[in-house]
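work13.cif (mmCIF, C-alpha atoms)
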```
data_structure
#
loop_
_atom_site.label_atom_id
_atom_site.label_comp_id
_atom_site.auth_asym_id
_atom_site.auth_seq_id
_atom_site.Cartn_x
_atom_site.Cartn_y
_atom_site.Cartn_z
CA MET G 1 23.35 58.71 -22.46
CA TYR G 2 23.17 60.97 -25.52
CA ALA G 3 26.48 62.64 -24.54
CA TYR G 4 28.09 59.19 -24.16
CA MET G 5 26.93 58.19 -27.66
CA ILE G 6 28.37 61.43 -29.10
CA HIS G 7 31.68 60.70 -27.35
CA GLU G 8 31.83 57.17 -28.75
CA LYS G 9 31.00 58.45 -32.23
CA ASN G 10 33.80 61.01 -32.03
CA GLU G 11 36.22 58.31 -30.82
CA LEU G 12 35.26 56.11 -33.78
CA ILE G 13 35.76 58.98 -36.24
CA LEU G 14 39.17 59.71 -34.71
CA CYS G 15 40.25 56.06 -34.96
CA LYS G 16 39.17 55.86 -38.59
CA SER G 17 41.03 59.08 -39.37
CA LEU G 18 44.21 57.81 -37.71
CA ALA G 19 43.94 54.47 -39.52
CA LYS G 20 43.57 56.24 -42.86
CA LEU G 21 46.53 58.49 -42.05
CA ILE G 22 48.78 55.57 -41.11
CA MET G 23 47.81 53.66 -44.25
CA ASN G 24 48.74 56.64 -46.42
CA ILE G 25 52.15 57.19 -44.81
CA ALA G 26 54.72 55.07 -46.64
CA LEU G 27 58.06 53.76 -45.39
CA HIS G 28 59.92 56.25 -47.58
CA HIS G 29 58.26 59.08 -45.65
CA PHE G 30 59.86 57.85 -42.43
CA ARG G 31 63.24 57.55 -44.16
CA LEU G 32 62.78 61.01 -45.65
CA VAL G 33 62.23 62.74 -42.28
CA ASP G 34 65.02 60.75 -40.62
CA THR G 35 67.55 61.58 -43.36
CA ILE G 36 66.65 65.29 -43.70
CA SER G 37 66.94 65.75 -39.92
CA LYS G 38 70.42 64.23 -40.00
CA GLU G 39 71.68 65.98 -43.16
CA GLY G 40 70.02 69.36 -42.53
CA SER G 41 69.14 70.14 -46.16
CA LEU G 42 67.25 68.69 -49.10
CA THR G 43 70.39 68.65 -51.24
CA LYS G 44 72.41 66.50 -48.83
CA ALA G 45 69.41 64.31 -47.98
CA ALA G 46 68.66 63.70 -51.67
CA SER G 47 72.26 62.63 -52.21
CA ALA G 48 72.15 60.28 -49.22
CA LEU G 49 68.90 58.71 -50.45
CA HIS G 50 70.08 58.55 -54.08
CA LEU G 51 67.17 60.74 -55.24
CA THR G 52 66.95 64.00 -57.12
CA GLN G 53 66.26 67.07 -55.03
CA SER G 54 62.96 67.66 -56.83
CA ALA G 55 61.82 64.09 -56.13
CA LEU G 56 62.64 64.46 -52.44
CA SER G 57 60.91 67.84 -52.29
CA HIS G 58 57.82 66.27 -53.86
CA GLN G 59 57.80 63.48 -51.25
CA LEU G 60 58.07 66.00 -48.41
CA LYS G 61 55.17 68.06 -49.77
CA GLU G 62 53.20 64.85 -50.18
CA LEU G 63 53.77 63.95 -46.51
CA GLU G 64 52.92 67.41 -45.19
CA LYS G 65 49.76 67.45 -47.29
CA GLU G 66 48.74 64.10 -45.88
CA LEU G 67 49.42 65.25 -42.30
CA ASP G 68 47.88 68.64 -43.01
CA ILE G 69 50.69 70.32 -41.07
CA GLU G 70 54.32 71.34 -41.62
CA VAL G 71 57.03 68.88 -40.62
CA PHE G 72 59.95 71.25 -41.32
CA HIS G 73 60.46 75.00 -41.08
CA ARG G 74 62.24 76.39 -44.16
CA GLN G 75 65.19 78.58 -43.21
CA GLY G 76 66.84 79.34 -46.52
CA LYS G 77 68.38 76.10 -47.73
CA ARG G 78 68.26 74.54 -44.28
CA LEU G 79 65.29 72.69 -42.85
CA GLN G 80 64.43 72.71 -39.15
CA LEU G 81 62.00 70.23 -37.59
CA THR G 82 58.73 71.59 -36.25
CA GLU G 83 57.25 70.31 -33.00
CA VAL G 84 55.17 67.85 -35.01
CA GLY G 85 58.29 67.02 -37.01
CA TYR G 86 60.18 66.05 -33.83
CA ARG G 87 57.30 63.80 -32.82
CA PHE G 88 57.25 62.24 -36.28
CA LEU G 89 61.04 61.75 -36.10
CA ARG G 90 60.83 59.84 -32.81
CA SER G 91 58.38 57.41 -34.37
CA SER G 92 60.49 57.23 -37.54
CA GLU G 93 63.60 56.21 -35.58
CA LYS G 94 61.73 53.42 -33.81
CA ILE G 95 60.03 52.18 -36.99
CA LEU G 96 63.22 52.26 -39.08
CA ALA G 97 65.19 50.47 -36.36
CA GLU G 98 62.54 47.75 -36.24
CA ILE G 99 62.55 47.51 -40.05
CA ARG G 100 66.35 47.10 -40.05
CA THR G 101 66.08 44.36 -37.44
CA LEU G 102 63.33 42.67 -39.44
CA GLU G 103 65.39 42.80 -42.64
CA GLU G 104 68.41 41.35 -40.83
CA ASP G 105 66.32 38.57 -39.29
CA ILE G 106 64.78 37.70 -42.66
CA ASN G 107 68.19 37.67 -44.37
CA ASN G 108 69.64 35.49 -41.61
CA TYR G 109 66.73 33.09 -41.97
CA LYS G 110 67.06 32.99 -45.77
CA ASN G 111 70.81 32.38 -45.46
CA GLY G 112 70.36 29.61 -42.90
CA LYS G 113 71.85 31.55 -39.98
CA THR G 114 68.76 31.59 -37.75
CA GLY G 115 65.61 29.53 -37.36
CA LYS G 116 64.58 26.08 -36.18
CA LEU G 117 64.99 22.58 -37.58
CA ASN G 118 62.65 19.72 -36.66
CA ILE G 119 64.29 16.33 -37.17
CA SER G 120 63.46 12.69 -36.44
CA MET G 121 64.62 9.16 -37.19
CA GLN G 122 62.42 6.34 -38.42
CA CYS G 123 61.60 3.60 -35.90
CA TYR G 124 64.38 4.33 -33.44
CA THR G 125 64.24 6.54 -30.37
CA ALA G 126 67.97 6.14 -29.66
CA TYR G 127 69.91 9.24 -30.63
CA HIS G 128 73.31 8.70 -29.00
CA TRP G 129 75.04 9.68 -32.25
CA LEU G 130 73.12 12.94 -32.58
CA PRO G 131 74.87 15.16 -29.98
CA GLY G 132 78.07 15.01 -32.03
CA VAL G 133 76.23 16.17 -35.15
CA ILE G 134 74.41 18.95 -33.28
CA LYS G 135 77.63 20.12 -31.60
CA ASP G 136 79.37 20.41 -34.97
CA PHE G 137 76.35 22.15 -36.49
CA LYS G 138 75.92 24.60 -33.58
CA SER G 139 79.60 25.54 -33.70
CA GLN G 140 78.97 26.93 -37.18
CA TRP G 141 75.33 28.05 -36.89
CA PRO G 142 74.70 28.81 -33.19
CA ASP G 143 71.37 30.58 -33.78
CA ILE G 144 69.63 27.57 -35.35
CA ASN G 145 67.61 25.56 -32.81
CA ILE G 146 67.43 21.78 -33.31
CA ASN G 147 64.19 20.15 -32.18
CA ILE G 148 63.97 16.34 -32.04
CA VAL G 149 60.41 15.25 -32.82
CA SER G 150 60.27 11.81 -31.20
CA ASP G 151 56.57 11.40 -32.04
CA ALA G 152 57.49 11.42 -35.74
CA SER G 153 59.73 8.33 -35.50
CA ARG G 154 56.92 6.00 -36.60
CA ARG G 155 55.57 8.20 -39.42
CA PRO G 156 58.39 10.55 -40.44
CA LEU G 157 57.37 10.85 -44.09
CA GLU G 158 53.84 11.86 -43.13
CA TYR G 159 55.24 14.50 -40.76
CA LEU G 160 57.48 15.75 -43.57
CA MET G 161 54.58 16.19 -45.98
CA ARG G 162 52.55 18.00 -43.32
CA GLY G 163 55.40 20.42 -42.73
CA ASP G 164 55.89 19.28 -39.12
CA LEU G 165 59.34 17.87 -39.88
CA ASP G 166 62.24 19.42 -41.79
CA LEU G 167 64.46 16.35 -42.09
CA GLY G 168 63.81 12.70 -41.43
CA ILE G 169 66.39 9.91 -41.35
CA VAL G 170 64.55 6.99 -42.90
CA ARG G 171 64.99 3.52 -44.38
CA THR G 172 61.79 3.32 -46.38
CA GLN G 173 60.99 5.49 -49.37
CA MET G 174 57.52 6.53 -50.44
CA VAL G 175 56.71 7.47 -54.03
CA ASN G 176 56.04 11.18 -53.64
CA THR G 177 57.36 14.00 -55.79
CA GLN G 178 57.49 16.32 -52.76
CA ILE G 179 60.08 14.26 -50.90
CA VAL G 180 63.76 14.17 -51.83
CA TYR G 181 65.87 11.24 -50.57
CA GLU G 182 69.63 11.33 -50.22
CA PRO G 183 71.53 8.21 -49.06
CA ILE G 184 73.75 8.97 -46.09
CA PHE G 185 74.96 5.68 -44.62
CA GLU G 186 74.62 1.91 -44.56
CA ASP G 187 74.37 -0.24 -41.46
CA ARG G 188 74.02 -3.89 -40.51
CA LEU G 189 71.39 -5.73 -38.54
CA ILE G 190 72.52 -7.98 -35.71
CA ALA G 191 70.74 -10.30 -33.32
CA ILE G 192 70.88 -9.48 -29.62
CA LEU G 193 70.37 -12.28 -27.12
CA PRO G 194 70.69 -13.00 -23.41
CA ALA G 195 74.22 -14.27 -22.79
CA ASP G 196 72.93 -17.65 -21.60
CA HIS G 197 70.53 -18.14 -24.52
CA PRO G 198 71.03 -21.38 -26.53
CA LEU G 199 71.46 -19.37 -29.76
CA ALA G 200 74.37 -17.48 -28.19
CA LYS G 201 76.59 -20.43 -29.11
CA LYS G 202 75.96 -19.95 -32.85
CA ALA G 203 78.40 -17.97 -34.99
CA VAL G 204 75.72 -16.56 -37.32
CA ILE G 205 71.97 -16.25 -36.82
CA ASP G 206 69.56 -17.02 -39.67
CA ILE G 207 65.83 -16.42 -40.03
CA CYS G 208 64.98 -20.05 -39.32
CA ASP G 209 66.61 -19.68 -35.89
CA PHE G 210 63.67 -17.51 -34.80
CA GLN G 211 61.37 -20.54 -34.89
CA ASP G 212 59.68 -20.97 -31.46
CA GLN G 213 61.60 -18.02 -30.01
CA GLU G 214 60.23 -15.07 -28.03
CA LEU G 215 60.99 -12.35 -30.55
CA ILE G 216 60.96 -8.62 -29.77
CA LEU G 217 60.97 -6.22 -32.74
CA ALA G 218 60.51 -2.50 -33.35
CA LEU G 219 56.97 -1.20 -33.56
CA TYR G 220 55.81 -0.13 -37.03
CA ASP G 221 52.58 1.08 -38.61
CA PRO G 222 51.43 -1.45 -41.26
CA SER G 223 48.94 1.05 -42.70
CA TYR G 224 51.75 3.42 -43.54
CA GLN G 225 55.15 1.70 -43.50
CA GLU G 226 56.35 -1.28 -45.45
CA THR G 227 56.84 -4.45 -43.41
CA PRO G 228 60.36 -4.59 -41.90
CA ILE G 229 62.70 -7.01 -43.64
CA ILE G 230 62.89 -9.40 -40.67
CA GLU G 231 59.11 -9.78 -40.43
CA THR G 232 58.84 -10.15 -44.20
CA LEU G 233 61.39 -12.98 -44.20
CA ILE G 234 59.71 -14.68 -41.24
CA GLN G 235 56.44 -14.73 -43.18
CA GLU G 236 58.04 -15.83 -46.46
CA GLN G 237 59.95 -18.69 -44.81
CA HIS G 238 56.94 -19.70 -42.68
CA VAL G 239 58.91 -19.27 -39.48
CA LYS G 240 56.69 -19.14 -36.40
CA PRO G 241 58.14 -17.46 -33.31
CA LYS G 242 56.67 -18.51 -29.98
CA THR G 243 55.70 -14.88 -29.40
CA LEU G 244 56.22 -11.67 -31.37
CA SER G 245 56.22 -8.41 -29.42
CA ARG G 246 56.56 -4.97 -30.98
CA ILE G 247 57.99 -2.19 -28.83
CA HIS G 248 58.48 1.44 -29.79
CA TYR G 249 61.33 2.30 -27.42
CA THR G 250 64.86 1.04 -28.03
CA ASP G 251 65.97 1.07 -24.39
CA ALA G 252 62.87 -0.92 -23.36
CA THR G 253 63.71 -3.62 -25.91
CA ILE G 254 67.31 -3.81 -24.66
CA GLU G 255 66.16 -4.18 -21.05
CA MET G 256 63.71 -6.95 -21.96
CA VAL G 257 66.48 -8.90 -23.70
CA ASN G 258 68.79 -8.25 -20.74
CA ALA G 259 66.12 -9.68 -18.43
CA GLY G 260 65.94 -12.85 -20.54
CA LEU G 261 62.45 -12.14 -21.84
CA GLY G 262 63.30 -12.65 -25.50
CA ILE G 263 65.69 -11.93 -28.36
CA SER G 264 65.70 -9.05 -30.81
CA VAL G 265 67.20 -7.67 -34.01
CA MET G 266 68.63 -4.16 -34.25
CA ALA G 267 71.25 -2.14 -36.06
CA ASP G 268 74.76 -2.63 -34.69
CA TRP G 269 75.31 1.06 -34.00
CA ILE G 270 72.01 1.32 -32.11
CA VAL G 271 72.94 -1.52 -29.77
CA LYS G 272 76.56 -0.58 -29.08
CA PRO G 273 76.06 2.07 -26.32
CA TYR G 274 73.72 -0.22 -24.36
CA LEU G 275 76.07 -3.22 -24.08
CA PRO G 276 78.38 -2.28 -21.17
CA GLY G 277 77.14 -3.92 -17.98
CA LYS G 278 74.44 -5.91 -19.77
CA HIS G 279 73.94 -9.68 -19.77
CA ILE G 280 73.70 -9.56 -23.56
CA VAL G 281 75.62 -10.93 -26.54
CA THR G 282 75.36 -9.91 -30.19
CA LYS G 283 75.48 -12.17 -33.21
CA PRO G 284 75.69 -11.32 -36.90
CA LEU G 285 72.80 -12.15 -39.18
CA HIS G 286 73.36 -13.83 -42.52
CA HIS G 287 74.98 -11.26 -44.85
CA SER G 288 72.11 -11.48 -47.36
CA ILE G 289 69.64 -9.90 -44.92
CA ALA G 290 71.82 -7.72 -42.72
CA LYS G 291 72.69 -4.72 -44.90
CA ARG G 292 70.44 -1.62 -44.97
CA THR G 293 70.63 1.87 -46.49
CA TRP G 294 69.47 4.98 -44.64
CA TYR G 295 68.35 8.19 -46.32
CA ALA G 296 67.92 11.81 -45.36
CA ALA G 297 64.40 12.74 -46.47
CA THR G 298 63.41 16.38 -46.98
CA CYS G 299 60.55 18.32 -48.57
CA LYS G 300 62.14 21.76 -48.43
CA ASP G 301 65.48 22.98 -49.71
CA THR G 302 66.63 25.69 -47.32
CA PRO G 303 70.22 26.65 -46.43
CA ALA G 304 69.66 25.49 -42.83
CA ILE G 305 68.50 22.03 -43.96
CA GLN G 306 71.40 21.69 -46.40
CA ASN G 307 73.88 22.79 -43.73
CA PHE G 308 72.55 20.22 -41.27
CA LEU G 309 72.58 17.53 -43.95
CA SER G 310 76.21 18.37 -44.68
CA CYS G 311 77.11 18.02 -40.98
CA LEU G 312 75.21 14.73 -40.85
CA LYS G 313 77.10 13.27 -43.80
CA ASN G 314 80.43 14.51 -42.47
CA HIS G 315 79.71 12.87 -39.14
CA PHE G 316 79.22 9.46 -40.69
CA CYS G 317 82.31 9.93 -42.84
CA LYS G 318 84.52 10.83 -39.87
CA THR G 319 83.12 8.66 -37.10
CA GLU G 320 84.46 5.12 -37.02
CA MET G 321 81.51 3.04 -35.95
CA LEU G 322 83.13 -0.35 -36.27
CA CYS G 323 80.95 -3.37 -35.90
CA ASN G 324 84.07 -5.37 -35.02
CA GLU G 325 84.23 -3.43 -31.76
CA PHE G 326 81.75 -6.04 -30.57
CA ASP G 327 83.92 -8.90 -29.36
CA ASP G 328 81.61 -11.60 -30.70
CA VAL G 329 81.00 -9.86 -34.02
CA ALA G 330 84.66 -9.21 -34.76
CA ASP G 331 85.82 -10.23 -38.21
CA SER G 332 82.19 -10.72 -39.27
CA TYR G 333 81.26 -7.18 -40.34
CA PRO G 334 82.91 -4.26 -42.06
CA GLU G 335 82.49 -0.80 -40.53
CA LEU G 336 79.29 1.16 -40.89
CA ARG G 337 79.87 2.94 -44.17
CA ALA G 338 78.91 6.47 -45.09
CA ILE G 339 77.57 6.93 -48.62
#
```
What do you get writing this file as structure tokens?
Amino acid sequence: MYAYMIHEKNELILCKSLAKLIMNIALHHFRLVDTISKEGSLTKAASALHLTQSALSHQLKELEKELDIEVFHRQGKRLQLTEVGYRFLRSSEKILAEIRTLEEDINNYKNGKTGKLNISMQCYTAYHWLPGVIKDFKSQWPDININIVSDASRRPLEYLMRGDLDLGIVRTQMVNTQIVYEPIFEDRLIAILPADHPLAKKAVIDICDFQDQELILALYDPSYQETPIIETLIQEQHVKPKTLSRIHYTDATIEMVNAGLGISVMADWIVKPYLPGKHIVTKPLHHSIAKRTWYAATCKDTPAIQNFLSCLKNHFCKTEMLCNEFDDVADSYPELRAI
């Protein structure tokens, strides 16, 4: 038992000694040994490291004093590694290679060449437009991973402030000095109805038309988000739908309308991909309530975020999302317009 305690004590002393030694060896000591071994002399090594010969000689003496053993044999002007020196060199090569990799990774991250971006869109879980943006972005910055945070769609600004989101595409703005908003596009709201619904015969849908209807709208958090424009107008005009359901998922809302379980209001570009094969028609809303502006919201200003934002804006500038591609909305709406 006594011998075991002595052994443990010696192990502890050795660990403390090694820890102290490692703490006292600086990065320039590893570079010093690596460079001298390659150049073969202090003069050439000093030139390669942009130091005076006396400064380099001082660093070498400092290292050997710390190790309490010679790292190089002096043979005239040439220096030859000792056995300990060779062992030190092997560690130096590994450490310096890792440092170079670390520096490169940090520079790539700082320059927006590597990393991860967490993005989300307020209210909607339909991202059919996003693959085109990501494809364009990845063609230029292939080492940036794009992560879609669907859970943030109801509270994107809160996720931004917590640092769980890098960029949110939002309609509502919150007074907060941390968040920067940049308008990226405008869209239009349209009504979607079963094809055999009585309102399908109307050219334009107004708020009063929702009276006694089974209305299906996007889910929102009243404790955090402002009331959506449609619900605000329903309240202001004292319109009373027969039922009002709030659903988080876009495709679920579309399927409920398709099944004749109600009518809904969505952005034209959200609805478009779901229409083929559906028993659904779309109708424009009155122009005074249809137009909306979307913003890119960010809390951080990194090259990766700015590069993605640039791709996002370019996408909406180049892509022709024409509302008049809907047969029954033709001539009623201009195209979705990038800002």
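Here atom CA of Arg31 of chain G is placed at a distance of 7.3 Å from atom CA of Leu96 of chain G.
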Nearest-residue call for Ile234 of chain G, choices G:Ile247, G:Val257, G:Cys208, G:Ala252, using all atoms listed in the file: G:Cys208
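A straight line drawn from atom CA of His279 of chain G to atom CA of Ala259 of chain G is 7.9 Å long.
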Report as a PDB file with C-alpha atoms, in the frame of the given file the residues that result from applying the PyMOL selection byres ((chain G and resi 72-87) around 8) to the structure here.
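Saved to expr.pdb:
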```pdb
ATOM      1  CA  VAL G  33      62.230  62.740 -42.280  1.00  0.00           C
ATOM      2  CA  ILE G  36      66.650  65.290 -43.700  1.00  0.00           C
ATOM      3  CA  SER G  37      66.940  65.750 -39.920  1.00  0.00           C
ATOM      4  CA  GLY G  40      70.020  69.360 -42.530  1.00  0.00           C
ATOM      5  CA  SER G  41      69.140  70.140 -46.160  1.00  0.00           C
ATOM      6  CA  LEU G  42      67.250  68.690 -49.100  1.00  0.00           C
ATOM      7  CA  ILE G  69      50.690  70.320 -41.070  1.00  0.00           C
ATOM      8  CA  GLU G  70      54.320  71.340 -41.620  1.00  0.00           C
ATOM      9  CA  VAL G  71      57.030  68.880 -40.620  1.00  0.00           C
ATOM     10  CA  PHE G  88      57.250  62.240 -36.280  1.00  0.00           C
ATOM     11  CA  LEU G  89      61.040  61.750 -36.100  1.00  0.00           C
ATOM     12  CA  ARG G  90      60.830  59.840 -32.810  1.00  0.00           C
ATOM     13  CA  SER G  91      58.380  57.410 -34.370  1.00  0.00           C
TER      14      SER G  91
END
```
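Each of G:Leu309, G:Ile179, G:Leu244, G:Ile230 was compared to Gly163 of chain G using only C-alpha atoms, and G:Ile179 turns out to be the nearest.
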Is there a way to get, as an NGL selection string, all residues within 12 Å of the point (57.6, -23.3, -35.0) in file coordinates, counting only C-alpha atoms? :G and (207-214 or 234-235 or 237-243)
Produce a file of the selected residues containing C-alpha atoms, as a short mmCIF file (atom, residue, chain, number, x, y, z; two decimals), keeping the file's coordinate frame.
```
data_model
loop_
_atom_site.label_atom_id
_atom_site.label_comp_id
_atom_site.auth_asym_id
_atom_site.auth_seq_id
_atom_site.Cartn_x
_atom_site.Cartn_y
_atom_site.Cartn_z
CA ILE G 207 65.83 -16.42 -40.03
CA CYS G 208 64.98 -20.05 -39.32
CA ASP G 209 66.61 -19.68 -35.89
CA PHE G 210 63.67 -17.51 -34.80
CA GLN G 211 61.37 -20.54 -34.89
CA ASP G 212 59.68 -20.97 -31.46
CA GLN G 213 61.60 -18.02 -30.01
CA GLU G 214 60.23 -15.07 -28.03
CA ILE G 234 59.71 -14.68 -41.24
CA GLN G 235 56.44 -14.73 -43.18
CA GLN G 237 59.95 -18.69 -44.81
CA HIS G 238 56.94 -19.70 -42.68
CA VAL G 239 58.91 -19.27 -39.48
CA LYS G 240 56.69 -19.14 -36.40
CA PRO G 241 58.14 -17.46 -33.31
CA LYS G 242 56.67 -18.51 -29.98
CA THR G 243 55.70 -14.88 -29.40
#
```
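Checking G:Gly168, G:Asn307, G:Glu98, G:His287 one by one against Asp136 of chain G, counting only C-alpha atoms, you find the shortest gap at G:Asn307.
Our summary of the geometry notes that atom CA of Glu236 of chain G is positioned 13.4 Å from atom CA of Asp206 of chain G.
Taking only C-alpha atoms into account, the protein, DNA and RNA residues within 10 Å of (71.8, 10.0, -51.4) read Val180, Tyr181, Glu182, Pro183, Ile184, Phe185, Thr293, Trp294, Tyr295, Ala296, Ala297, Lys313 and Ile339 of chain G.
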Report the residues retrieved by the PyMOL selection byres ((chain G and resi 57) around 12) from the displayed file, expressed as a list in words. His29, Leu32, Val33, Ile36, Ser41, Leu42, Thr43, Ala45, Ala46, Leu51, Thr52, Gln53, Ser54, Ala55, Leu56, His58, Gln59, Leu60, Lys61, Glu62, Leu63, Glu64, Phe72, Arg74 and Leu79 of chain G
Can you spit out the residues from that selection as an mmCIF file, keeping the file's coordinate frame, using C-alpha atoms?
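Below you can see again.cif, which holds the result:
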```cif
data_model
loop_
_atom_site.group_PDB
_atom_site.id
_atom_site.type_symbol
_atom_site.label_atom_id
_atom_site.label_comp_id
_atom_site.auth_asym_id
_atom_site.auth_seq_id
_atom_site.Cartn_x
_atom_site.Cartn_y
_atom_site.Cartn_z
ATOM 1 C CA HIS G 29 58.260 59.080 -45.650
ATOM 2 C CA LEU G 32 62.780 61.010 -45.650
ATOM 3 C CA VAL G 33 62.230 62.740 -42.280
ATOM 4 C CA ILE G 36 66.650 65.290 -43.700
ATOM 5 C CA SER G 41 69.140 70.140 -46.160
ATOM 6 C CA LEU G 42 67.250 68.690 -49.100
ATOM 7 C CA THR G 43 70.390 68.650 -51.240
ATOM 8 C CA ALA G 45 69.410 64.310 -47.980
ATOM 9 C CA ALA G 46 68.660 63.700 -51.670
ATOM 10 C CA LEU G 51 67.170 60.740 -55.240
ATOM 11 C CA THR G 52 66.950 64.000 -57.120
ATOM 12 C CA GLN G 53 66.260 67.070 -55.030
ATOM 13 C CA SER G 54 62.960 67.660 -56.830
ATOM 14 C CA ALA G 55 61.820 64.090 -56.130
ATOM 15 C CA LEU G 56 62.640 64.460 -52.440
ATOM 16 C CA HIS G 58 57.820 66.270 -53.860
ATOM 17 C CA GLN G 59 57.800 63.480 -51.250
ATOM 18 C CA LEU G 60 58.070 66.000 -48.410
ATOM 19 C CA LYS G 61 55.170 68.060 -49.770
ATOM 20 C CA GLU G 62 53.200 64.850 -50.180
ATOM 21 C CA LEU G 63 53.770 63.950 -46.510
ATOM 22 C CA GLU G 64 52.920 67.410 -45.190
ATOM 23 C CA PHE G 72 59.950 71.250 -41.320
ATOM 24 C CA ARG G 74 62.240 76.390 -44.160
ATOM 25 C CA LEU G 79 65.290 72.690 -42.850
#
```
With the file shown as input, list the residues that the PyMOL selection byres ((chain G and resi 268) around 7) selects, as a compact mmCIF listing (two decimals) with C-alpha atoms, in the coordinates of the input.
```txt
# COMPACT_ATOMS: atom_id res chain seq x y z
CA ARG G 188 74.02 -3.89 -40.51
CA LEU G 189 71.39 -5.73 -38.54
CA ILE G 190 72.52 -7.98 -35.71
CA MET G 266 68.63 -4.16 -34.25
CA ALA G 267 71.25 -2.14 -36.06
CA TRP G 269 75.31 1.06 -34.00
CA ILE G 270 72.01 1.32 -32.11
CA VAL G 271 72.94 -1.52 -29.77
CA LYS G 272 76.56 -0.58 -29.08
CA CYS G 323 80.95 -3.37 -35.90
```
Leaving out Cys311 of chain G and any residue of its chain fewer than 3 positions from it, which residues lie within 9 Å of it when counting all atoms listed in the file, given as a short mmCIF file (atom, residue, chain, number, x, y, z; two decimals) with C-alpha atoms, in the coordinates of the input?
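Below is the file selection.cif, written as the result:
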```
data_model
loop_
_atom_site.label_atom_id
_atom_site.label_comp_id
_atom_site.auth_asym_id
_atom_site.auth_seq_id
_atom_site.Cartn_x
_atom_site.Cartn_y
_atom_site.Cartn_z
CA VAL G 133 76.23 16.17 -35.15
CA ILE G 134 74.41 18.95 -33.28
CA ASP G 136 79.37 20.41 -34.97
CA PHE G 137 76.35 22.15 -36.49
CA GLN G 306 71.40 21.69 -46.40
CA ASN G 307 73.88 22.79 -43.73
CA PHE G 308 72.55 20.22 -41.27
CA ASN G 314 80.43 14.51 -42.47
CA HIS G 315 79.71 12.87 -39.14
CA PHE G 316 79.22 9.46 -40.69
#
```
